[in-house]
Every structure is written in structure tokens, then in C-alpha cells.
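Pasted below: protein_3.pdb, PDB, C-alpha atoms.
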ATOM      1  CA  MET J   1      -7.378 -47.277  67.787
ATOM      2  CA  ASN J   2      -9.970 -48.678  65.356
ATOM      3  CA  SER J   3     -12.786 -46.295  66.174
ATOM      4  CA  ASN J   4     -13.960 -42.840  65.155
ATOM      5  CA  ILE J   5     -15.048 -39.584  66.739
ATOM      6  CA  ALA J   6     -17.163 -36.717  65.409
ATOM      7  CA  LEU J   7     -18.232 -33.307  66.693
ATOM      8  CA  SER J   8     -21.607 -31.777  65.818
ATOM      9  CA  LYS J   9     -22.280 -28.062  65.332
ATOM     10  CA  ASN J  10     -24.078 -27.866  68.663
ATOM     11  CA  GLY J  11     -21.119 -29.275  70.626
ATOM     12  CA  GLU J  12     -22.185 -32.917  70.923
ATOM     13  CA  VAL J  13     -19.649 -35.749  70.538
ATOM     14  CA  TYR J  14     -20.262 -39.110  68.840
ATOM     15  CA  THR J  15     -18.080 -42.238  68.604
ATOM     16  CA  TRP J  16     -18.349 -45.499  66.685
ATOM     17  CA  GLY J  17     -16.199 -48.393  65.464
ATOM     18  CA  ALA J  18     -14.392 -51.253  67.197
ATOM     19  CA  TYR J  19     -14.946 -51.793  70.914
ATOM     20  CA  THR J  20     -11.522 -52.186  72.543
ATOM     21  CA  TYR J  21     -11.545 -50.678  76.025
ATOM     22  CA  GLU J  22     -14.300 -50.304  78.608
ATOM     23  CA  ASN J  23     -16.671 -47.481  77.680
ATOM     24  CA  ASP J  24     -14.476 -46.124  74.882
ATOM     25  CA  LEU J  25     -17.582 -46.046  72.654
ATOM     26  CA  GLY J  26     -19.896 -44.728  75.339
ATOM     27  CA  LYS J  27     -20.961 -45.803  78.786
ATOM     28  CA  ASP J  28     -22.139 -49.434  79.101
ATOM     29  CA  ILE J  29     -21.396 -50.212  75.424
ATOM     30  CA  THR J  30     -19.415 -53.457  75.178
ATOM     31  CA  GLU J  31     -19.505 -54.340  71.481
ATOM     32  CA  ASN J  32     -18.569 -52.908  68.106
ATOM     33  CA  ARG J  33     -20.883 -50.195  66.829
ATOM     34  CA  ASN J  34     -21.552 -49.342  63.185
ATOM     35  CA  GLU J  35     -23.631 -46.300  64.090
ATOM     36  CA  PRO J  36     -22.538 -43.174  66.018
ATOM     37  CA  VAL J  37     -23.103 -43.212  69.776
ATOM     38  CA  LYS J  38     -23.583 -39.932  71.651
ATOM     39  CA  GLU J  39     -21.135 -39.372  74.513
ATOM     40  CA  ASN J  40     -22.077 -37.803  77.842
ATOM     41  CA  LEU J  41     -20.486 -34.461  76.976
ATOM     42  CA  ALA J  42     -21.821 -31.010  76.091
ATOM     43  CA  ASN J  43     -20.591 -27.694  74.690
ATOM     44  CA  ILE J  44     -17.489 -29.285  73.153
ATOM     45  CA  SER J  45     -15.368 -27.170  70.813
ATOM     46  CA  ARG J  46     -12.419 -29.479  70.006
ATOM     47  CA  ILE J  47     -11.931 -33.248  69.695
ATOM     48  CA  SER J  48      -8.887 -35.448  69.134
ATOM     49  CA  VAL J  49      -7.667 -39.042  69.165
ATOM     50  CA  PHE J  50      -4.214 -40.066  70.371
ATOM     51  CA  GLU J  51      -3.049 -43.672  70.706
ATOM     52  CA  ASN J  52      -5.788 -45.452  72.727
ATOM     53  CA  ASN J  53      -7.783 -42.487  73.994
ATOM     54  CA  PHE J  54     -10.318 -39.892  72.884
ATOM     55  CA  TYR J  55      -9.978 -36.279  74.020
ATOM     56  CA  ALA J  56     -12.401 -33.359  74.043
ATOM     57  CA  ILE J  57     -12.210 -29.701  75.062
ATOM     58  CA  ASP J  58     -15.319 -27.784  76.039
ATOM     59  CA  LYS J  59     -15.989 -24.103  75.421
ATOM     60  CA  GLU J  60     -14.758 -23.245  78.924
ATOM     61  CA  GLY J  61     -11.358 -24.822  78.269
ATOM     62  CA  ASN J  62     -11.845 -28.027  80.268
ATOM     63  CA  LEU J  63     -10.114 -31.164  78.981
ATOM     64  CA  PHE J  64     -11.824 -34.599  78.995
ATOM     65  CA  VAL J  65     -10.410 -38.056  78.249
ATOM     66  CA  TRP J  66     -11.926 -41.519  77.798
ATOM     67  CA  GLY J  67     -10.874 -44.879  76.369
ATOM     68  CA  LYS J  68      -8.041 -46.945  77.805
ATOM     69  CA  GLY J  69      -7.872 -46.553  81.573
ATOM     70  CA  TYR J  70     -11.102 -44.513  81.874
ATOM     71  CA  LYS J  71     -14.618 -45.882  82.379
ATOM     72  CA  GLU J  72     -16.282 -42.755  80.964
ATOM     73  CA  PRO J  73     -15.360 -39.229  79.823
ATOM     74  CA  THR J  74     -13.301 -37.850  82.704
ATOM     75  CA  LYS J  75     -12.238 -34.277  83.321
ATOM     76  CA  LEU J  76      -8.478 -33.861  83.704
ATOM     77  CA  GLU J  77      -7.246 -31.293  86.200
ATOM     78  CA  THR J  78      -5.056 -28.700  84.483
ATOM     79  CA  LYS J  79      -3.511 -25.517  85.884
ATOM     80  CA  VAL J  80      -4.605 -23.549  82.818
ATOM     81  CA  LYS J  81      -7.593 -23.706  80.512
ATOM     82  CA  ILE J  82      -6.930 -25.566  77.254
ATOM     83  CA  ALA J  83      -7.496 -23.968  73.851
ATOM     84  CA  ASP J  84      -6.570 -26.816  71.489
ATOM     85  CA  ILE J  85      -5.106 -30.309  71.244
ATOM     86  CA  ASP J  86      -3.235 -32.217  68.549
ATOM     87  CA  GLY J  87      -1.671 -35.616  69.196
ATOM     88  CA  LYS J  88      -0.062 -35.355  72.610
ATOM     89  CA  LEU J  89       0.313 -31.558  72.417
ATOM     90  CA  LEU J  90      -1.957 -29.234  74.379
ATOM     91  CA  LEU J  91      -2.223 -25.521  73.697
ATOM     92  CA  GLY J  92      -3.102 -23.554  76.798
ATOM     93  CA  GLN J  93      -5.128 -20.380  76.737
ATOM     94  CA  ASP J  94      -1.992 -18.783  78.195
ATOM     95  CA  GLY J  95      -0.200 -19.370  74.883
ATOM     96  CA  ARG J  96       2.075 -22.043  76.375
ATOM     97  CA  VAL J  97       2.371 -25.618  75.098
ATOM     98  CA  TYR J  98       1.988 -28.718  77.266
ATOM     99  CA  GLU J  99       2.182 -32.478  76.657
ATOM    100  CA  LEU J 100      -0.271 -35.114  77.841
ATOM    101  CA  ASP J 101       2.346 -36.909  79.930
ATOM    102  CA  GLN J 102       3.353 -33.606  81.621
ATOM    103  CA  ILE J 103       0.022 -31.869  81.598
ATOM    104  CA  ASN J 104       0.922 -29.046  84.000
ATOM    105  CA  GLU J 105       4.524 -28.408  82.917
ATOM    106  CA  PRO J 106       4.848 -26.165  79.846
ATOM    107  CA  ILE J 107       7.534 -26.833  77.259
ATOM    108  CA  LYS J 108      10.417 -24.480  78.014
ATOM    109  CA  TYR J 109      11.029 -21.429  75.840
ATOM    110  CA  VAL J 110       7.808 -21.984  73.850
ATOM    111  CA  ASN J 111       5.255 -19.220  74.419
ATOM    112  CA  GLY J 112       2.904 -16.878  72.603
ATOM    113  CA  ILE J 113       1.678 -19.845  70.555
ATOM    114  CA  ALA J 114      -1.432 -19.777  68.334
ATOM    115  CA  ASN J 115      -1.412 -23.303  66.813
ATOM    116  CA  VAL J 116       0.257 -26.665  67.475
ATOM    117  CA  SER J 117       0.663 -29.783  65.344
ATOM    118  CA  TYR J 118       2.133 -33.135  66.395
ATOM    119  CA  GLY J 119       3.896 -35.347  63.834
ATOM    120  CA  THR J 120       5.395 -38.813  64.121
ATOM    121  CA  ASP J 121       8.811 -37.454  65.072
ATOM    122  CA  HIS J 122       8.557 -33.653  65.058
ATOM    123  CA  LYS J 123       6.382 -30.772  66.236
ATOM    124  CA  LEU J 124       5.236 -27.497  64.670
ATOM    125  CA  PHE J 125       4.173 -24.293  66.450
ATOM    126  CA  THR J 126       2.885 -20.996  65.081
ATOM    127  CA  ARG J 127       3.217 -17.849  67.137
ATOM    128  CA  LEU J 128       0.505 -15.217  67.365
ATOM    129  CA  GLU J 129       2.594 -13.031  65.046
ATOM    130  CA  GLY J 130       2.416 -15.699  62.324
ATOM    131  CA  GLU J 131       5.930 -17.107  62.640
ATOM    132  CA  LEU J 132       6.367 -20.879  62.285
ATOM    133  CA  TYR J 133       8.725 -22.878  64.503
ATOM    134  CA  SER J 134       9.719 -26.549  64.388
ATOM    135  CA  ILE J 135      11.539 -28.998  66.653
ATOM    136  CA  GLY J 136      12.437 -32.710  66.612
ATOM    137  CA  LYS J 137      13.719 -35.025  63.902
ATOM    138  CA  GLY J 138      14.741 -33.261  60.714
ATOM    139  CA  ASN J 139      16.733 -35.795  58.721
ATOM    140  CA  LEU J 140      14.359 -35.581  55.736
ATOM    141  CA  GLY J 141      13.724 -31.857  55.871
ATOM    142  CA  GLN J 142      10.490 -32.064  57.882
ATOM    143  CA  LEU J 143      11.597 -29.143  60.084
ATOM    144  CA  GLY J 144      11.901 -26.768  57.132
ATOM    145  CA  THR J 145      15.023 -25.063  58.470
ATOM    146  CA  GLY J 146      17.046 -25.451  55.268
ATOM    147  CA  MET J 147      19.079 -28.271  56.849
ATOM    148  CA  ALA J 148      18.359 -32.007  57.053
ATOM    149  CA  THR J 149      19.316 -32.217  60.723
ATOM    150  CA  ASP J 150      17.552 -32.810  64.040
ATOM    151  CA  MET J 151      16.786 -29.894  66.362
ATOM    152  CA  THR J 152      16.465 -30.012  70.161
ATOM    153  CA  LYS J 153      15.456 -26.344  70.305
ATOM    154  CA  THR J 154      12.771 -24.635  68.234
ATOM    155  CA  LYS J 155      13.910 -23.106  64.953
ATOM    156  CA  LEU J 156      12.166 -20.804  62.500
ATOM    157  CA  VAL J 157      10.887 -22.437  59.304
ATOM    158  CA  ARG J 158      12.344 -20.932  56.128
ATOM    159  CA  THR J 159      11.618 -20.719  52.436
ATOM    160  CA  SER J 160      14.560 -20.548  50.030
ATOM    161  CA  GLU J 161      14.279 -16.748  50.198
ATOM    162  CA  GLY J 162      13.773 -16.120  53.919
ATOM    163  CA  TYR J 163      11.639 -16.964  56.919
ATOM    164  CA  LEU J 164       8.080 -18.132  56.299
ATOM    165  CA  LYS J 165       5.711 -15.463  57.639
ATOM    166  CA  ASN J 166       2.041 -14.875  58.349
ATOM    167  CA  VAL J 167       1.317 -18.579  58.899
ATOM    168  CA  LEU J 168      -2.307 -19.321  59.751
ATOM    169  CA  SER J 169      -2.512 -23.115  60.119
ATOM    170  CA  ILE J 170      -0.152 -26.097  60.108
ATOM    171  CA  SER J 171      -0.092 -29.872  59.783
ATOM    172  CA  ALA J 172       2.733 -32.198  60.876
ATOM    173  CA  GLY J 173       2.570 -35.741  59.504
ATOM    174  CA  ASN J 174       4.870 -38.705  58.990
ATOM    175  CA  LYS J 175       8.201 -36.926  58.371
ATOM    176  CA  THR J 176       6.281 -34.284  56.416
ATOM    177  CA  SER J 177       4.911 -30.835  57.141
ATOM    178  CA  MET J 178       2.428 -28.421  55.563
ATOM    179  CA  ALA J 179       1.640 -24.784  56.278
ATOM    180  CA  LEU J 180      -1.025 -22.320  55.144
ATOM    181  CA  THR J 181      -0.526 -18.552  55.136
ATOM    182  CA  PHE J 182      -3.215 -15.954  55.682
ATOM    183  CA  GLU J 183      -2.901 -15.005  52.000
ATOM    184  CA  GLY J 184      -4.074 -18.493  51.023
ATOM    185  CA  LYS J 185      -0.704 -19.918  49.971
ATOM    186  CA  GLY J 186       0.188 -23.516  50.806
ATOM    187  CA  TYR J 187       3.695 -24.752  51.602
ATOM    188  CA  VAL J 188       5.141 -28.245  52.034
ATOM    189  CA  PHE J 189       8.444 -29.568  53.351
ATOM    190  CA  GLY J 190       9.947 -32.882  54.381
ATOM    191  CA  ASP J 191       9.906 -36.417  52.982
ATOM    192  CA  ASN J 192       8.613 -36.550  49.416
ATOM    193  CA  THR J 193      10.281 -39.814  48.365
ATOM    194  CA  ASN J 194       7.006 -41.271  47.099
ATOM    195  CA  LYS J 195       5.600 -37.904  45.938
ATOM    196  CA  LYS J 196       3.150 -37.723  48.834
ATOM    197  CA  LEU J 197       3.689 -33.955  49.078
ATOM    198  CA  GLY J 198       2.759 -33.397  45.449
ATOM    199  CA  ILE J 199       5.998 -31.677  44.414
ATOM    200  CA  ILE J 200       8.893 -32.743  42.171
ATOM    201  CA  GLU J 201      11.718 -32.658  44.733
ATOM    202  CA  ASN J 202      12.463 -35.888  46.625
ATOM    203  CA  ASN J 203      12.961 -34.110  49.945
ATOM    204  CA  ALA J 204      12.268 -30.427  50.582
ATOM    205  CA  VAL J 205      14.429 -28.930  53.343
ATOM    206  CA  TYR J 206      12.859 -25.507  52.774
ATOM    207  CA  ALA J 207       9.160 -24.654  52.865
ATOM    208  CA  THR J 208       8.160 -25.004  49.201
ATOM    209  CA  GLU J 209       5.071 -23.261  47.853
ATOM    210  CA  ILE J 210       2.404 -25.337  46.102
ATOM    211  CA  THR J 211       1.978 -23.565  42.763
ATOM    212  CA  LYS J 212       1.070 -26.218  40.178
ATOM    213  CA  ILE J 213      -1.165 -29.253  40.455
ATOM    214  CA  GLN J 214      -2.345 -31.857  37.969
ATOM    215  CA  ASP J 215      -5.202 -34.310  37.791
ATOM    216  CA  LYS J 216      -4.597 -38.043  37.363
ATOM    217  CA  SER J 217      -4.525 -37.602  33.570
ATOM    218  CA  GLY J 218      -1.750 -35.025  33.747
ATOM    219  CA  ASN J 219      -3.914 -31.980  33.014
ATOM    220  CA  GLU J 220      -2.869 -28.827  34.853
ATOM    221  CA  LEU J 221      -5.525 -27.507  37.240
ATOM    222  CA  THR J 222      -6.189 -23.953  38.338
ATOM    223  CA  LEU J 223      -5.692 -23.607  42.087
ATOM    224  CA  GLY J 224      -7.547 -20.882  43.972
ATOM    225  CA  LYS J 225      -6.719 -19.543  47.406
ATOM    226  CA  ILE J 226      -6.105 -22.458  49.749
ATOM    227  CA  GLU J 227      -8.214 -22.698  52.907
ATOM    228  CA  ASN J 228      -6.964 -25.908  54.508
ATOM    229  CA  VAL J 229      -3.889 -28.174  54.448
ATOM    230  CA  GLU J 230      -3.461 -31.642  55.955
ATOM    231  CA  THR J 231      -0.717 -34.260  55.743
ATOM    232  CA  GLY J 232      -0.944 -37.818  57.060
ATOM    233  CA  ILE J 233       1.131 -40.981  56.912
ATOM    234  CA  ASN J 234       1.036 -41.565  53.152
ATOM    235  CA  HIS J 235      -0.914 -38.671  51.683
ATOM    236  CA  SER J 236      -1.502 -34.921  51.698
ATOM    237  CA  SER J 237      -4.631 -32.870  51.022
ATOM    238  CA  ILE J 238      -5.514 -29.247  50.364
ATOM    239  CA  SER J 239      -8.851 -27.502  49.893
ATOM    240  CA  ASP J 240      -9.471 -24.133  48.260
ATOM    241  CA  GLU J 241     -12.038 -21.378  48.757
ATOM    242  CA  GLU J 242     -14.152 -22.677  45.874
ATOM    243  CA  GLY J 243     -14.813 -25.904  47.746
ATOM    244  CA  PHE J 244     -12.448 -28.175  45.822
ATOM    245  CA  VAL J 245     -10.421 -30.755  47.742
ATOM    246  CA  TYR J 246      -7.189 -32.068  46.200
ATOM    247  CA  THR J 247      -5.419 -35.177  47.466
ATOM    248  CA  VAL J 248      -2.058 -36.685  46.562
ATOM    249  CA  ARG J 249      -1.109 -40.099  47.893
ATOM    250  CA  THR J 250       1.993 -42.282  48.016
ATOM    251  CA  LYS J 251       3.412 -43.187  44.576
ATOM    252  CA  SER J 252       0.863 -41.019  42.760
ATOM    253  CA  GLU J 253       3.639 -39.230  40.816
ATOM    254  CA  TRP J 254       2.505 -35.826  42.132
ATOM    255  CA  ARG J 255      -0.752 -35.914  40.198
ATOM    256  CA  ILE J 256      -3.543 -34.790  42.443
ATOM    257  CA  ARG J 257      -7.076 -36.108  42.477
ATOM    258  CA  ASN J 258      -9.782 -33.565  43.070
ATOM    259  CA  ARG J 259     -13.405 -33.423  44.137
ATOM    260  CA  ARG J 260     -15.708 -30.586  45.051
ATOM    261  CA  TYR J 261     -17.422 -30.645  48.438
ATOM    262  CA  LYS J 262     -20.173 -28.043  48.578
ATOM    263  CA  THR J 263     -20.411 -28.418  52.350
ATOM    264  CA  LYS J 264     -16.735 -27.781  52.966
ATOM    265  CA  ARG J 265     -17.366 -24.473  54.715
ATOM    266  CA  ASN J 266     -19.436 -26.364  57.279
ATOM    267  CA  ILE J 267     -16.504 -28.665  57.950
ATOM    268  CA  HIS J 268     -13.458 -26.373  57.907
ATOM    269  CA  LYS J 269     -13.267 -22.902  59.372
ATOM    270  CA  ASN J 270     -12.377 -20.324  56.759
ATOM    271  CA  ARG J 271      -9.319 -18.118  57.001
ATOM    272  CA  GLU J 272     -11.135 -15.172  58.613
ATOM    273  CA  ASP J 273     -12.596 -17.348  61.394
ATOM    274  CA  ARG J 274      -9.230 -18.899  62.212
ATOM    275  CA  HIS J 275      -7.548 -15.484  62.145
ATOM    276  CA  ASN J 276     -10.119 -14.229  64.660
ATOM    277  CA  ASP J 277      -9.443 -17.261  66.896
ATOM    278  CA  ARG J 278      -5.750 -16.450  66.787
ATOM    279  CA  THR J 279      -6.120 -12.745  67.593
ATOM    280  CA  LYS J 280      -8.421 -13.434  70.546
ATOM    281  CA  ARG J 281      -5.346 -14.706  72.433
ATOM    282  CA  THR J 282      -3.206 -11.614  71.779
TER     283      THR J 282
END

Would you mind writing the file's structure down as C-alpha cells?
Amino acid sequence: MNSNIALSKNGEVYTWGAYTYENDLGKDITENRNEPVKENLANISRISVFENNFYAIDKEGNLFVWGKGYKEPTKLETKVKIADIDGKLLLGQDGRVYELDQINEPIKYVNGIANVSYGTDHKLFTRLEGELYSIGKGNLGQLGTGMATDMTKTKLVRTSEGYLKNVLSISAGNKTSMALTFEGKGYVFGDNTNKKLGIIENNAVYATEITKIQDKSGNELTLGKIENVETGINHSSISDEEGFVYTVRTKSEWRIRNRRYKTKRNIHKNREDRHNDRTKRT
């Protein structure tokens, strides 16, 4: 999908980019748009894009979809209210996990969930207690179980010393995974062949803590408490509590570029806010 979506502080949704499907950039819009277009939605708390569709969740837990197959934002009927969405994964307010193609059938044996993340071939779940589970393809260590094998049932993610605990947020990417603990420590595991995780090891089968980073000139940088982690197809990013964002991309030889964004706290929730979100569902 060659278009974009944004969520304002007051719960309004905007889209822009390439026009592909009827009304995917707003009702009655039939051409590419370089400027954001406001959608007919209100009180939205979450947004997402998956394949050829946009998704939005309002503050009451209702799920909306538009794009391919939908003329305008359409409410989907779900048995439970939805708390979050990532890729094709839906997190219900009941702590169960659902998928878009089986919207009213929870994934078996997965409950008490606080966060979900959908990768190209694997999934990550954190429980309300802060435990991290993984399932799916694991041939490059992206499941973080200590073994480079696939899993058809959820398994706890481990460090080399024991199970990873007190996990606050997660990101599943292209055969890679990242996790952030409540203490502000970042961990990576999975495919690091082209150094896109920013560590020395080629593939990390255990959750490996991010402890040292360098700029593009090779100078070691001081890393504060981490507040956000994200991994994509060919890159990974972290941001710390001082407002610095560090990014490592494919073939960058684990040297991380950095830039300070003074408005970061307006973009990412801080650790306390996300912890409060998690405990509300206990």
C-alpha cells in the first residue's frame, strides 16, 4: 500500500499518498493526494495499516476498516471490544488475541495478553505480568527461545541467563525482534546477518541486551534509558528518555546514526503511560 495514515492528539485520522482503491484516501477522493485528508472518524485511539487496508480503533473499542473492498470507513462487528492492533493481530479488551481473518475466534491458549506484535513470519505477545512469548518461524533466532527452530506453540523468550522478564513493549519485524523492559533496557534477537540489529553476532537466538552503540564515525555513544524500540524490514531504531533516536540499517556495520527529536514525548508514550495502559487490563 503506497499511502500513509496519521492520528492527531484529538482522535482525528488523516490519510494521503497513492490512490489505489475506492475511497481508501477518503470518501469521493479518486486521485493521488500529497496533502493529508481527514477521514470520517472520531475519538480514535489506535491506527494501523495491513496489506491493502487501513484500520482504526476508537476509544470505545470499536474496530473500523477501509481501503480494498470498502467504500468508506466501516465498523466491523466483533464479539469483544478491541484494545490494540498490529498487522493482522487484534488484542481484545478481554486479554485474548484474535486475527483479522478469524475476527471472533481467539487464538487458543493465548490469554492475559498486554501487547501484540506481528512480524513477517512470527508473532510476539507480552502477558500482563511482563513475560514475553513468541510463536512461528524461528530458524534465525527471531523467537528468542535459545534455539533456531520453528514453534507451533507459544514459548517464553529467554536471555542467556534466564527468561526475559518485566517486558513493557515489543516489535516483531522481518525475522527480527526487539523488546523493551520497564527498567528501560532494550533487547534484540533474530537475523542480524547485515547488522540491522546493531549487535556483533550474526544471529542472536537469545534476547541480547543493547549495551553499546556507536555513531557512523565509530565513536562510542552514551545510551540513556530506552523508551521505544522498533524493527522493520532492513533497519532497527531505539529512542531514549533524553529524546535521542538511534537507527541502524542494513549493512551499516552496527554503527548507529542518531538525532534528537525534542517532540518525541508527543509522539511516543513514555514508560509510565504504557505501564498504566497495561495495568488497566489486570

task = Please evaluate the PyMOL selection byres ((chain J and resi 84) around 10) against the structure above and give the resulting residues as a PyMOL selection string.
result = chain J and resi 45-48+56-58+61+63+81-83+85-86+89-93+97+114-117

For segment 238-245 of chain J, I'd like the enclosing box, axis-aligned and padded by 5 Å on every side, reported as AutoDock Vina command-line options with centre and edge lengths in Å to one decimal.
--center_x -10.2 --center_y -26.1 --center_z 48.1 --size_x 19.3 --size_y 19.4 --size_z 14.5

key: Selection result of the PyMOL selection byres ((chain J and resi 67-70) around 12) on this file, as a ChimeraX atom specification   = /J:1-5,15,18-27,29,39,49-56,64-66,71-76

Take the selection from the previous step and output its residues with C-alpha atoms, as a compact mmCIF listing (two decimals), keeping the file's coordinate frame.
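Contents of the output file part.txt:
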# COMPACT_ATOMS: atom_id res chain seq x y z
CA MET J 1 -7.38 -47.28 67.79
CA ASN J 2 -9.97 -48.68 65.36
CA SER J 3 -12.79 -46.30 66.17
CA ASN J 4 -13.96 -42.84 65.16
CA ILE J 5 -15.05 -39.58 66.74
CA THR J 15 -18.08 -42.24 68.60
CA ALA J 18 -14.39 -51.25 67.20
CA TYR J 19 -14.95 -51.79 70.91
CA THR J 20 -11.52 -52.19 72.54
CA TYR J 21 -11.54 -50.68 76.03
CA GLU J 22 -14.30 -50.30 78.61
CA ASN J 23 -16.67 -47.48 77.68
CA ASP J 24 -14.48 -46.12 74.88
CA LEU J 25 -17.58 -46.05 72.65
CA GLY J 26 -19.90 -44.73 75.34
CA LYS J 27 -20.96 -45.80 78.79
CA ILE J 29 -21.40 -50.21 75.42
CA GLU J 39 -21.14 -39.37 74.51
CA VAL J 49 -7.67 -39.04 69.17
CA PHE J 50 -4.21 -40.07 70.37
CA GLU J 51 -3.05 -43.67 70.71
CA ASN J 52 -5.79 -45.45 72.73
CA ASN J 53 -7.78 -42.49 73.99
CA PHE J 54 -10.32 -39.89 72.88
CA TYR J 55 -9.98 -36.28 74.02
CA ALA J 56 -12.40 -33.36 74.04
CA PHE J 64 -11.82 -34.60 79.00
CA VAL J 65 -10.41 -38.06 78.25
CA TRP J 66 -11.93 -41.52 77.80
CA LYS J 71 -14.62 -45.88 82.38
CA GLU J 72 -16.28 -42.76 80.96
CA PRO J 73 -15.36 -39.23 79.82
CA THR J 74 -13.30 -37.85 82.70
CA LYS J 75 -12.24 -34.28 83.32
CA LEU J 76 -8.48 -33.86 83.70

task = Between atom CA of Asp150 of chain J and atom CA of Asn111 of chain J, measure the distance and give it in Å to one decimal.
result = 21.1 Å

request  = Taking the file as shown, find all residues satisfying the PyMOL selection byres ((chain J and resi 160) around 8) and write them as a list of chain:residue names.
outcome  =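 So the PyMOL selection byres ((chain J and resi 160) around 8), applied here, picks out J:Gly146, J:Arg158, J:Thr159, J:Glu161, J:Gly162, J:Tyr206, J:Ala207, J:Thr208.
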
Output C-alpha atoms for every residue in the selection just made, as a tab-separated table (two decimals), keeping the file's coordinate frame.
chain	number	residue	atom	x	y	z
J	146	GLY	CA	17.05	-25.45	55.27
J	158	ARG	CA	12.34	-20.93	56.13
J	159	THR	CA	11.62	-20.72	52.44
J	161	GLU	CA	14.28	-16.75	50.20
J	162	GLY	CA	13.77	-16.12	53.92
J	206	TYR	CA	12.86	-25.51	52.77
J	207	ALA	CA	9.16	-24.65	52.86
J	208	THR	CA	8.16	-25.00	49.20

key: Point (-1.7, -24.6, 63.9) neighbourhood (9 Å, all atoms listed in the file) written as a PyMOL selection string   = chain J and resi 113-117+124-127+167-171+179

Could you make a table, as a tab-separated table, of the residues of segment 146-245 of chain J that have an atom within 12 Å of an atom of segment 104-108 of chain J, each with its nearest atom pair and distance in Å to one decimal, counting only C-alpha atoms, in chain and number order?
residue	atom	partner	partner_atom	distance
J:Thr152	CA	J:Lys108	CA	11.4
J:Lys153	CA	J:Lys108	CA	9.4
J:Thr154	CA	J:Lys108	CA	10.1

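Atom pair atom CA of Ile135 of chain J / atom CA of Lys123 of chain J has a distance of 5.5 Å (rounded to one decimal).
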